[in-house]
file start-v7.cif (mmCIF, C-alpha atoms)
data_run
#
loop_
_atom_site.label_atom_id
_atom_site.label_comp_id
_atom_site.auth_asym_id
_atom_site.auth_seq_id
_atom_site.Cartn_x
_atom_site.Cartn_y
_atom_site.Cartn_z
CA MET U 3 154.89 94.91 94.38
CA LYS U 4 154.19 91.35 93.44
CA GLN U 5 152.30 91.13 90.12
CA HIS U 6 149.85 88.54 88.86
CA LYS U 7 148.61 87.78 85.36
CA LEU U 8 144.90 87.91 84.66
CA VAL U 9 143.01 87.41 81.42
CA LEU U 10 140.08 89.79 81.65
CA GLY U 11 137.12 88.16 79.91
CA ILE U 12 133.64 88.91 78.73
CA ALA U 13 131.73 88.75 82.01
CA LEU U 14 133.07 91.97 83.51
CA ALA U 15 135.53 93.98 81.46
CA GLY U 16 133.64 93.77 78.20
CA LEU U 17 130.55 95.19 79.88
CA ALA U 18 132.08 98.00 81.95
CA SER U 19 134.95 99.08 79.68
CA SER U 20 134.73 97.87 76.11
CA PRO U 21 138.29 98.89 75.07
CA ALA U 22 139.60 96.30 77.56
CA PHE U 23 137.91 93.33 75.89
CA GLY U 24 140.22 90.34 75.61
CA GLN U 25 143.35 92.13 76.83
CA LYS U 26 146.01 90.53 79.01
CA ILE U 27 147.13 92.99 81.64
CA GLU U 28 149.18 93.29 84.83
CA VAL U 29 147.08 93.05 87.99
CA PRO U 30 148.29 94.40 91.35
CA GLU U 31 147.58 92.68 94.65
CA LEU U 32 144.01 92.63 95.89
CA ASP U 33 142.45 95.10 98.32
CA VAL U 34 140.27 93.38 100.93
CA ASP U 35 137.70 95.32 102.96
CA PHE U 36 136.39 93.04 105.72
CA TYR U 37 133.39 94.18 107.79
CA GLY U 38 130.57 92.95 109.99
CA HIS U 39 128.51 93.52 113.12
CA ILE U 40 126.81 91.68 115.98
CA ASN U 41 123.38 93.04 116.94
CA MET U 42 121.67 91.57 120.02
CA ALA U 43 118.74 92.84 122.09
CA VAL U 44 116.39 91.96 124.92
CA MET U 45 112.83 92.11 123.60
CA HIS U 46 109.64 92.28 125.69
CA ALA U 47 106.36 91.57 123.91
CA ASP U 48 102.79 91.76 125.20
CA THR U 49 99.93 90.26 123.16
CA GLY U 50 96.36 89.23 123.99
CA GLU U 51 97.80 85.89 125.13
CA GLY U 52 100.18 87.41 127.72
CA SER U 53 103.71 88.76 127.80
CA GLU U 54 107.12 87.20 127.32
CA GLN U 55 110.80 88.17 127.17
CA TYR U 56 113.29 87.15 124.49
CA ILE U 57 117.00 87.53 123.77
CA VAL U 58 117.09 88.17 120.05
CA ASP U 59 119.16 89.11 117.06
CA ASN U 60 117.63 92.43 115.97
CA ASP U 61 116.45 91.83 112.39
CA TYR U 62 116.35 95.57 111.65
CA ALA U 63 120.08 95.03 111.05
CA SER U 64 120.82 91.31 111.34
CA SER U 65 124.24 90.11 112.54
CA ARG U 66 126.51 89.51 109.55
CA VAL U 67 130.01 89.37 108.13
CA GLY U 68 131.21 90.29 104.68
CA ALA U 69 134.10 91.33 102.51
CA ARG U 70 134.68 93.35 99.36
CA VAL U 71 137.69 92.16 97.40
CA SER U 72 138.87 94.37 94.54
CA THR U 73 141.81 95.43 92.43
CA ASP U 74 142.47 98.47 90.25
CA LEU U 75 143.38 97.89 86.62
CA ASN U 76 145.06 101.23 86.10
CA ASP U 77 145.97 100.62 82.47
CA ILE U 78 142.30 100.59 81.50
CA ASP U 79 140.83 102.72 84.31
CA LEU U 80 138.78 99.84 85.70
CA LYS U 81 138.19 98.29 89.11
CA VAL U 82 137.05 94.66 89.34
CA GLY U 83 136.16 92.65 92.38
CA ALA U 84 133.76 90.50 94.36
CA HIS U 85 131.31 91.13 97.20
CA VAL U 86 130.57 88.34 99.68
CA GLU U 87 128.26 88.69 102.69
CA PHE U 88 126.59 86.17 105.02
CA GLU U 89 124.28 86.67 107.98
CA TYR U 90 124.09 84.53 111.10
CA GLN U 91 121.17 85.03 113.48
CA HIS U 92 120.59 83.38 116.84
CA ASN U 93 116.93 83.84 117.86
CA PRO U 94 115.91 86.13 114.95
CA SER U 95 113.60 88.85 116.26
CA ASN U 96 111.11 88.26 113.42
CA LEU U 97 110.75 84.52 114.17
CA VAL U 98 110.64 84.04 117.96
CA THR U 99 107.31 83.18 119.64
CA PRO U 100 106.30 82.17 123.18
CA ASP U 101 106.42 78.54 122.03
CA ASN U 102 109.75 78.92 120.26
CA ARG U 103 111.99 81.32 122.12
CA SER U 104 115.26 79.59 121.19
CA ILE U 105 116.13 79.26 117.50
CA ASN U 106 119.55 77.98 116.49
CA GLY U 107 121.49 80.16 114.11
CA ASP U 108 122.39 79.26 110.55
CA TRP U 109 124.46 80.90 107.84
CA ALA U 110 122.48 82.51 105.01
CA GLU U 111 123.93 84.23 101.97
CA ARG U 112 123.12 87.87 101.36
CA GLN U 113 125.70 88.89 98.75
CA LEU U 114 127.71 86.72 96.41
CA ASN U 115 128.54 88.60 93.24
CA LEU U 116 131.22 89.96 90.96
CA PHE U 117 131.42 93.60 89.94
CA ALA U 118 133.30 95.96 87.68
CA VAL U 119 133.44 99.74 88.00
CA GLY U 120 134.52 101.97 85.13
CA ARG U 121 133.98 105.45 83.80
CA TYR U 122 130.57 104.41 82.44
CA GLY U 123 129.24 102.99 85.70
CA ARG U 124 129.17 99.80 87.70
CA ILE U 125 127.88 96.36 86.73
CA SER U 126 127.25 93.51 89.18
CA VAL U 127 126.44 89.88 88.40
CA GLY U 128 125.23 87.31 90.94
CA GLN U 129 123.26 87.16 94.20
CA GLY U 130 122.82 90.67 95.54
CA SER U 131 120.58 93.68 96.03
CA GLY U 132 118.17 94.60 93.26
CA ALA U 133 118.23 98.12 91.86
CA ALA U 134 115.37 99.30 94.09
CA ASP U 135 116.47 97.54 97.29
CA GLY U 136 116.39 100.12 100.11
CA ALA U 137 114.41 102.74 98.18
CA THR U 138 111.91 102.96 101.06
CA GLU U 139 114.68 103.22 103.66
CA ALA U 140 116.31 106.65 103.26
CA ASP U 141 116.95 107.81 106.84
CA LEU U 142 119.20 110.54 108.27
CA SER U 143 117.75 110.39 111.79
CA GLY U 144 120.48 108.19 113.28
CA THR U 145 117.85 105.77 114.66
CA LYS U 146 117.54 103.31 111.77
CA VAL U 147 118.93 100.42 113.87
CA ALA U 148 116.00 100.88 116.29
CA SER U 149 113.28 102.45 114.11
CA PHE U 150 113.43 100.69 110.75
CA PRO U 151 110.60 101.15 108.18
CA ASP U 152 109.89 97.39 108.15
CA LEU U 153 108.79 97.54 111.79
CA ALA U 154 107.44 93.96 111.89
CA LEU U 155 111.00 92.62 111.58
CA VAL U 156 110.95 92.84 115.39
CA GLY U 157 108.16 90.64 116.77
CA GLY U 158 106.87 89.68 113.33
CA ALA U 159 105.86 86.10 114.27
CA LEU U 160 103.70 87.27 117.18
CA PRO U 161 99.91 87.20 116.69
CA PHE U 162 97.13 89.73 116.70
CA VAL U 163 94.78 87.81 119.00
CA ASP U 164 91.07 87.83 118.19
CA LYS U 165 89.31 88.93 121.38
CA GLY U 166 86.32 86.69 120.74
CA GLY U 167 88.48 83.64 120.07
CA VAL U 168 86.45 82.93 116.93
CA ASN U 169 88.84 83.84 114.12
CA PRO U 170 92.40 82.60 113.56
CA ASN U 171 95.14 85.01 114.60
CA PRO U 172 97.20 86.70 111.86
CA THR U 173 100.80 87.59 112.65
CA LEU U 174 102.33 91.05 112.54
CA PHE U 175 104.50 89.93 109.62
CA GLN U 176 101.42 88.92 107.61
CA SER U 177 99.58 92.14 108.42
CA ILE U 178 102.07 94.92 107.63
CA ARG U 179 105.36 95.33 105.76
CA ASN U 180 107.15 98.31 104.29
CA GLN U 181 107.07 96.56 100.87
CA ASP U 182 110.67 97.39 100.03
CA PHE U 183 110.79 95.62 96.66
CA GLU U 184 112.55 92.26 96.15
CA ALA U 185 115.65 92.71 98.34
CA ARG U 186 118.39 90.31 97.11
CA TYR U 187 118.23 87.77 94.30
CA ASP U 188 120.18 86.46 91.30
CA ARG U 189 120.46 89.42 88.98
CA VAL U 190 122.47 91.55 86.60
CA ARG U 191 122.53 95.12 87.91
CA PHE U 192 123.82 98.33 86.36
CA ASP U 193 124.46 101.52 88.36
CA SER U 194 125.06 104.69 86.38
CA PRO U 195 127.76 107.23 87.16
CA ALA U 196 126.52 110.05 89.38
CA PHE U 197 124.73 112.92 87.66
CA GLY U 198 125.45 115.51 90.32
CA PRO U 199 123.53 114.30 93.40
CA VAL U 200 121.46 111.79 91.38
CA LYS U 201 122.26 108.12 90.71
CA LEU U 202 120.25 105.67 88.59
CA ALA U 203 120.12 101.86 88.70
CA ILE U 204 118.42 99.01 86.85
CA SER U 205 118.45 95.26 87.49
CA GLN U 206 117.04 92.14 85.83
CA GLY U 207 116.98 88.68 87.39
CA TYR U 208 114.88 86.05 89.10
CA LYS U 209 113.84 84.88 92.54
CA ASP U 210 112.12 81.52 93.15
CA ASP U 211 111.98 81.17 89.34
CA GLN U 212 109.96 84.39 89.05
CA ASP U 213 111.40 87.04 86.71
CA ILE U 214 112.06 90.46 88.27
CA THR U 215 112.84 93.88 86.79
CA GLU U 216 113.70 96.88 88.98
CA VAL U 217 114.61 100.52 88.36
CA ALA U 218 115.49 103.18 90.92
CA ALA U 219 116.85 106.67 91.40
CA THR U 220 118.56 108.07 94.50
CA TYR U 221 119.37 111.63 95.51
CA GLY U 222 121.69 112.86 98.22
CA THR U 223 123.14 116.29 98.87
CA ALA U 224 123.93 118.91 101.49
CA ILE U 225 122.45 122.38 101.01
CA ASP U 226 123.86 125.40 102.82
CA GLY U 227 121.38 126.72 105.35
CA VAL U 228 118.98 123.84 104.73
CA GLY U 229 120.91 120.74 105.82
CA ARG U 230 121.27 117.26 104.31
CA LEU U 231 118.69 115.65 102.06
CA SER U 232 118.45 111.97 101.09
CA ALA U 233 115.73 110.52 98.85
CA ALA U 234 115.01 107.48 96.71
CA ILE U 235 112.26 106.16 94.45
CA GLY U 236 111.91 102.70 92.94
CA TYR U 237 109.72 100.50 90.78
CA SER U 238 109.67 96.73 90.35
CA THR U 239 107.62 94.17 88.47
CA LYS U 240 107.61 90.43 89.17
CA ASP U 241 105.93 87.74 87.09
CA VAL U 242 104.25 85.58 89.74
CA GLY U 243 102.00 83.74 87.25
CA GLY U 244 98.49 82.38 87.71
CA ALA U 245 95.62 84.72 88.52
CA ALA U 246 97.97 87.17 90.22
CA GLY U 247 99.86 87.80 86.98
CA ASP U 248 102.39 90.60 87.43
CA LEU U 249 103.12 92.02 90.88
CA GLU U 250 103.96 95.73 90.60
CA ASN U 251 105.60 97.70 93.38
CA ILE U 252 106.29 101.43 93.53
CA GLY U 253 107.67 103.27 96.52
CA GLY U 254 110.15 105.73 97.89
CA SER U 255 111.37 107.70 100.84
CA VAL U 256 112.81 111.09 101.71
CA SER U 257 114.76 112.18 104.78
CA TRP U 258 115.89 115.67 105.80
CA LEU U 259 118.38 116.52 108.54
CA HIS U 260 118.64 120.21 109.47
CA ASP U 261 121.87 121.69 110.79
CA THR U 262 120.16 122.06 114.19
CA GLY U 263 119.65 118.29 114.40
CA ILE U 264 115.90 118.35 113.71
CA ASN U 265 114.98 115.72 111.13
CA LEU U 266 111.96 114.46 109.21
CA THR U 267 111.54 111.18 107.30
CA ALA U 268 108.64 109.97 105.14
CA VAL U 269 108.08 106.60 103.44
CA TYR U 270 105.41 105.35 101.02
CA SER U 271 104.89 102.16 99.00
CA ASN U 272 102.10 100.49 97.03
CA VAL U 273 101.85 96.92 95.73
CA GLU U 274 99.27 95.72 93.19
CA ASN U 275 98.64 92.53 91.22
CA ASP U 276 96.11 91.24 88.70
CA ALA U 277 94.20 89.31 91.36
CA GLY U 278 93.03 92.46 93.14
CA ARG U 279 95.74 93.06 95.70
CA ASP U 280 96.26 96.77 96.36
CA SER U 281 98.16 97.33 99.63
CA ASP U 282 99.65 100.60 100.88
CA PHE U 283 102.29 101.39 103.47
CA GLY U 284 103.25 104.78 104.88
CA MET U 285 105.51 105.99 107.67
CA PHE U 286 106.42 109.39 109.08
CA LYS U 287 109.20 110.09 111.58
CA VAL U 288 110.15 113.23 113.48
CA GLY U 289 113.47 113.32 115.28
CA TYR U 290 116.27 115.23 116.91
CA LYS U 291 119.96 114.42 116.67
CA THR U 292 122.64 116.00 118.80
CA GLY U 293 126.18 114.79 119.36
CA LYS U 294 126.08 111.09 120.25
CA HIS U 295 122.31 111.04 120.83
CA SER U 296 119.43 110.47 118.37
CA PHE U 297 115.72 110.33 119.21
CA THR U 298 112.65 109.84 117.00
CA VAL U 299 108.92 109.27 117.25
CA HIS U 300 107.04 107.66 114.38
CA ARG U 301 103.68 106.59 113.03
CA ALA U 302 103.23 103.91 110.36
CA ASP U 303 100.15 102.57 108.62
CA GLY U 304 99.53 99.48 106.47
CA LYS U 305 96.24 99.23 104.58
CA ASP U 306 94.63 96.24 102.85
CA PHE U 307 97.33 93.65 103.40
CA ASN U 308 94.36 91.34 104.20
CA PRO U 309 96.42 88.39 105.46
CA ALA U 310 95.28 84.89 104.43
CA LEU U 311 95.64 82.18 107.06
CA ARG U 312 96.29 78.67 105.76
CA ASP U 313 96.15 75.17 107.16
CA THR U 314 99.03 72.69 107.08
CA ASN U 315 98.14 71.81 103.48
CA GLY U 316 98.39 75.42 102.36
CA VAL U 317 94.62 75.85 101.95
CA VAL U 318 93.22 79.26 102.95
CA VAL U 319 90.93 78.79 105.95
CA HIS U 320 90.41 82.45 106.83
CA ARG U 321 91.16 85.85 105.29
CA VAL U 322 91.23 89.09 107.22
CA THR U 323 89.41 91.68 105.12
CA GLY U 324 89.68 95.44 105.20
CA SER U 325 92.79 95.25 107.38
CA ASP U 326 94.31 98.48 108.64
CA VAL U 327 97.36 98.32 110.93
CA GLU U 328 98.53 101.43 112.78
CA ILE U 329 101.88 101.58 114.56
CA TYR U 330 102.99 104.26 117.00
CA GLY U 331 106.48 104.15 118.42
CA ALA U 332 109.65 105.83 119.58
CA ALA U 333 113.35 105.09 119.43
CA TYR U 334 116.56 106.32 121.04
CA VAL U 335 120.12 105.56 119.93
CA TYR U 336 123.33 106.43 121.79
CA GLN U 337 126.60 106.10 119.89
CA PRO U 338 129.50 106.54 122.34
CA ILE U 339 132.00 105.56 119.61
CA LYS U 340 131.57 105.17 115.86
CA ARG U 341 131.48 101.36 115.99
CA LEU U 342 128.98 100.98 118.83
CA ASP U 343 125.23 101.67 118.98
CA VAL U 344 123.20 101.33 122.18
CA TYR U 345 119.47 101.66 121.59
CA PHE U 346 115.93 101.46 122.94
CA ALA U 347 112.74 101.08 120.90
CA TYR U 348 109.02 100.75 121.54
CA ASN U 349 106.11 100.03 119.17
CA ASN U 350 102.37 99.61 119.60
CA PHE U 351 100.71 97.60 116.79
CA ALA U 352 96.92 97.87 116.37
CA LEU U 353 94.89 95.91 113.80
CA ASP U 354 91.42 97.03 112.69
CA ALA U 355 89.53 94.79 110.26
CA ASP U 356 86.05 94.20 108.84
CA ASN U 357 85.98 90.72 110.41
CA GLY U 358 87.40 90.23 113.88
CA ASP U 359 88.25 92.35 116.90
CA TYR U 360 91.94 92.11 117.78
CA ASP U 361 94.07 92.97 120.80
CA ASP U 362 96.99 95.36 120.36
CA VAL U 363 100.56 94.10 120.43
CA ASP U 364 103.18 96.05 122.41
CA ILE U 365 106.88 95.45 121.81
CA ALA U 366 109.86 97.04 123.54
CA MET U 367 113.53 96.21 123.12
CA ILE U 368 116.87 97.39 124.41
CA GLY U 369 120.02 96.31 122.65
CA SER U 370 123.40 97.05 121.19
CA ARG U 371 125.21 96.70 117.87
CA LEU U 372 128.97 96.39 117.69
CA LYS U 373 130.54 96.91 114.26
CA PHE U 374 133.92 95.63 113.15
#
call {"tool": "encode", "arguments": {"input": "start-v7.cif", "output": "structure tokens"}}
result
Amino acid sequence: MKQHKLVLGIALAGLASSPAFGQKIEVPELDVDFYGHINMAVMHADTGEGSEQYIVDNDYASSRVGARVSTDLNDIDLKVGAHVEFEYQHNPSNLVTPDNRSINGDWAERQLNLFAVGRYGRISVGQGSGAADGATEADLSGTKVASFPDLALVGGALPFVDKGGVNPNPTLFQSIRNQDFEARYDRVRFDSPAFGPVKLAISQGYKDDQDITEVAATYGTAIDGVGRLSAAIGYSTKDVGGAAGDLENIGGSVSWLHDTGINLTAVYSNVENDAGRDSDFGMFKVGYKTGKHSFTVHRADGKDFNPALRDTNGVVVHRVTGSDVEIYGAAYVYQPIKRLDVYFAYNNFALDADNGDYDDVDIAMIGSRLKF
């Protein structure tokens, strides 16, 4: 096998395997794991201003490509590598509106980081997922591509229309989110080795020049006679400055899949800041999975998001107070082969508030995701 020379420096080896610091070692050829998927759907949406159809990229799992490049340094029991991932969305489902049904795609980075994995864990440096990213998204139902906790990612730019035509119209995206922490940003992240079915992670970094710290724990196991269990809990704090001060987020999820195919999933998150924000999100799913078929029904609720509507200068012209959004929906996924999902989803969004009387928003979509 062709060999290359590599001087392993401070950034990776010194952190993940201290005995390797400053050594010159033989490096075998790289392993490259290339992956991606295309996820397109036909979406029908009905608001108080009428109905419309869209051909969209389903933002529950946006179309993307990526690669993990790694090599094993057997002499020091260490793996080093890089993770690169970009998304490309034509007509993102969270951005289309009746006035803007066609949105040209553009490349956006999701992952661009280096990593090292040793006996003491894994360390990653660069643009990537924070430690708590996905903590509210544990799901064994098989319907995640069509029934994702952040339900407003499909139809999010559509408005709740005030029936009286007096108040401005907040969007779904402003009114309810699953509050799944800070997603991806520039960070240093450490993942511990597994302690049985438990894994721990911590990250420190920044996003839009705001410092972020996240910690999380995940749990996954199969129990004889009970089935599979997947759970996660996370906490993050972000220094947003000004009157808001620190933004604190705590949340988690748990999903259970019985051997019969019956499954239950629950999600909860809370976000608070020093300026009085205190918003809650919850979701509960009941499903059945058999062979190539998965079906779920769900209810979600977002309290006190109280969206602020701004003019073109960024000045708040109206704030929805006492907002409470309820979502009822169902999803079905058929997976004829491992790399192909065919799905249908429906959601009814209803906004109740202290000021304003709003029409419901109904969204249905049918689509397919092909993985490669």
call {"tool": "resolve_selection", "arguments": {"input": "start-v7.cif", "expression": "the PyMOL selection byres ((chain U and resi 247-253) around 6)", "output": "ChimeraX atom specification"}}
result
/U:235-246,254,270-276
call {"tool": "closest_residue", "arguments": {"input": "start-v7.cif", "among": "U:Gly130, U:Gly284, U:Pro100, U:Pro338", "to": "U:Asn180", "atoms": "only C-alpha atoms"}}
result
U:Gly284
call {"tool": "resolve_selection", "arguments": {"input": "start-v7.cif", "expression": "the PyMOL selection byres ((chain U and resi 101-115) around 8)", "output": "VMD selection string"}}
result
chain U and resid 56 84 to 94 98 to 100 116 to 117 126 to 131 186
call {"tool": "residues_around", "arguments": {"input": "start-v7.cif", "residues": "U:Phe197", "least_positions_apart": "2", "cutoff": "12 Å", "atoms": "all atoms listed in the file", "output": "count of residues only"}}
result
14
call {"tool": "residues_near_point", "arguments": {"input": "start-v7.cif", "point": "(118.9, 101.2, 115.5)", "cutoff": "12 Å", "atoms": "all atoms listed in the file", "output": "number ranges by chain"}}
result
U: 41-43, 60-64, 141-151, 153, 156, 295-298, 332-337, 342-348, 367-372
call {"tool": "closest_residue", "arguments": {"input": "start-v7.cif", "among": "U:Lys291, U:Arg70, U:Arg321, U:His46", "to": "U:Val34", "atoms": "only C-alpha atoms"}}
result
U:Arg70
call {"tool": "atom_distance", "arguments": {"input": "start-v7.cif", "atom1": "atom CA of U:Asn96", "atom2": "atom CA of U:Gly50"}}
result
18.2 Å
call {"tool": "decode", "arguments": {"input": "start-v7.cif", "residues": "stretch 219-255 of chain U", "atoms": "C-alpha atoms", "output": "CSV table (one decimal), in the first residue's frame"}}
result
chain,number,residue,atom,x,y,z
U,219,ALA,CA,-26.3,13.4,26.9
U,220,THR,CA,-27.8,10.6,24.6
U,221,TYR,CA,-29.1,7.2,25.4
U,222,GLY,CA,-29.8,4.3,23.1
U,223,THR,CA,-30.4,0.6,23.7
U,224,ALA,CA,-32.5,-2.4,22.9
U,225,ILE,CA,-34.2,-4.2,25.8
U,226,ASP,CA,-35.4,-7.8,25.5
U,227,GLY,CA,-39.2,-7.9,25.6
U,228,VAL,CA,-39.4,-4.1,25.7
U,229,GLY,CA,-38.0,-3.0,22.4
U,230,ARG,CA,-35.7,-0.1,21.4
U,231,LEU,CA,-35.3,3.1,23.4
U,232,SER,CA,-33.6,6.3,22.2
U,233,ALA,CA,-33.4,9.5,24.3
U,234,ALA,CA,-31.5,12.7,24.5
U,235,ILE,CA,-31.3,15.8,26.7
U,236,GLY,CA,-29.4,19.0,26.1
U,237,TYR,CA,-28.7,22.5,27.5
U,238,SER,CA,-27.3,25.6,25.8
U,239,THR,CA,-26.5,29.2,26.7
U,240,LYS,CA,-25.9,32.0,24.3
U,241,ASP,CA,-24.7,35.5,25.1
U,242,VAL,CA,-27.0,37.7,22.9
U,243,GLY,CA,-26.2,40.9,24.8
U,244,GLY,CA,-28.4,43.9,25.5
U,245,ALA,CA,-31.5,43.6,27.5
U,246,ALA,CA,-31.9,39.9,26.5
U,247,GLY,CA,-28.6,39.0,28.2
U,248,ASP,CA,-28.1,35.2,28.1
U,249,LEU,CA,-30.5,33.0,26.1
U,250,GLU,CA,-30.9,29.6,27.9
U,251,ASN,CA,-32.3,26.6,26.2
U,252,ILE,CA,-33.1,23.2,27.7
U,253,GLY,CA,-34.9,20.3,26.0
U,254,GLY,CA,-34.9,16.7,25.1
U,255,SER,CA,-36.8,13.8,23.5
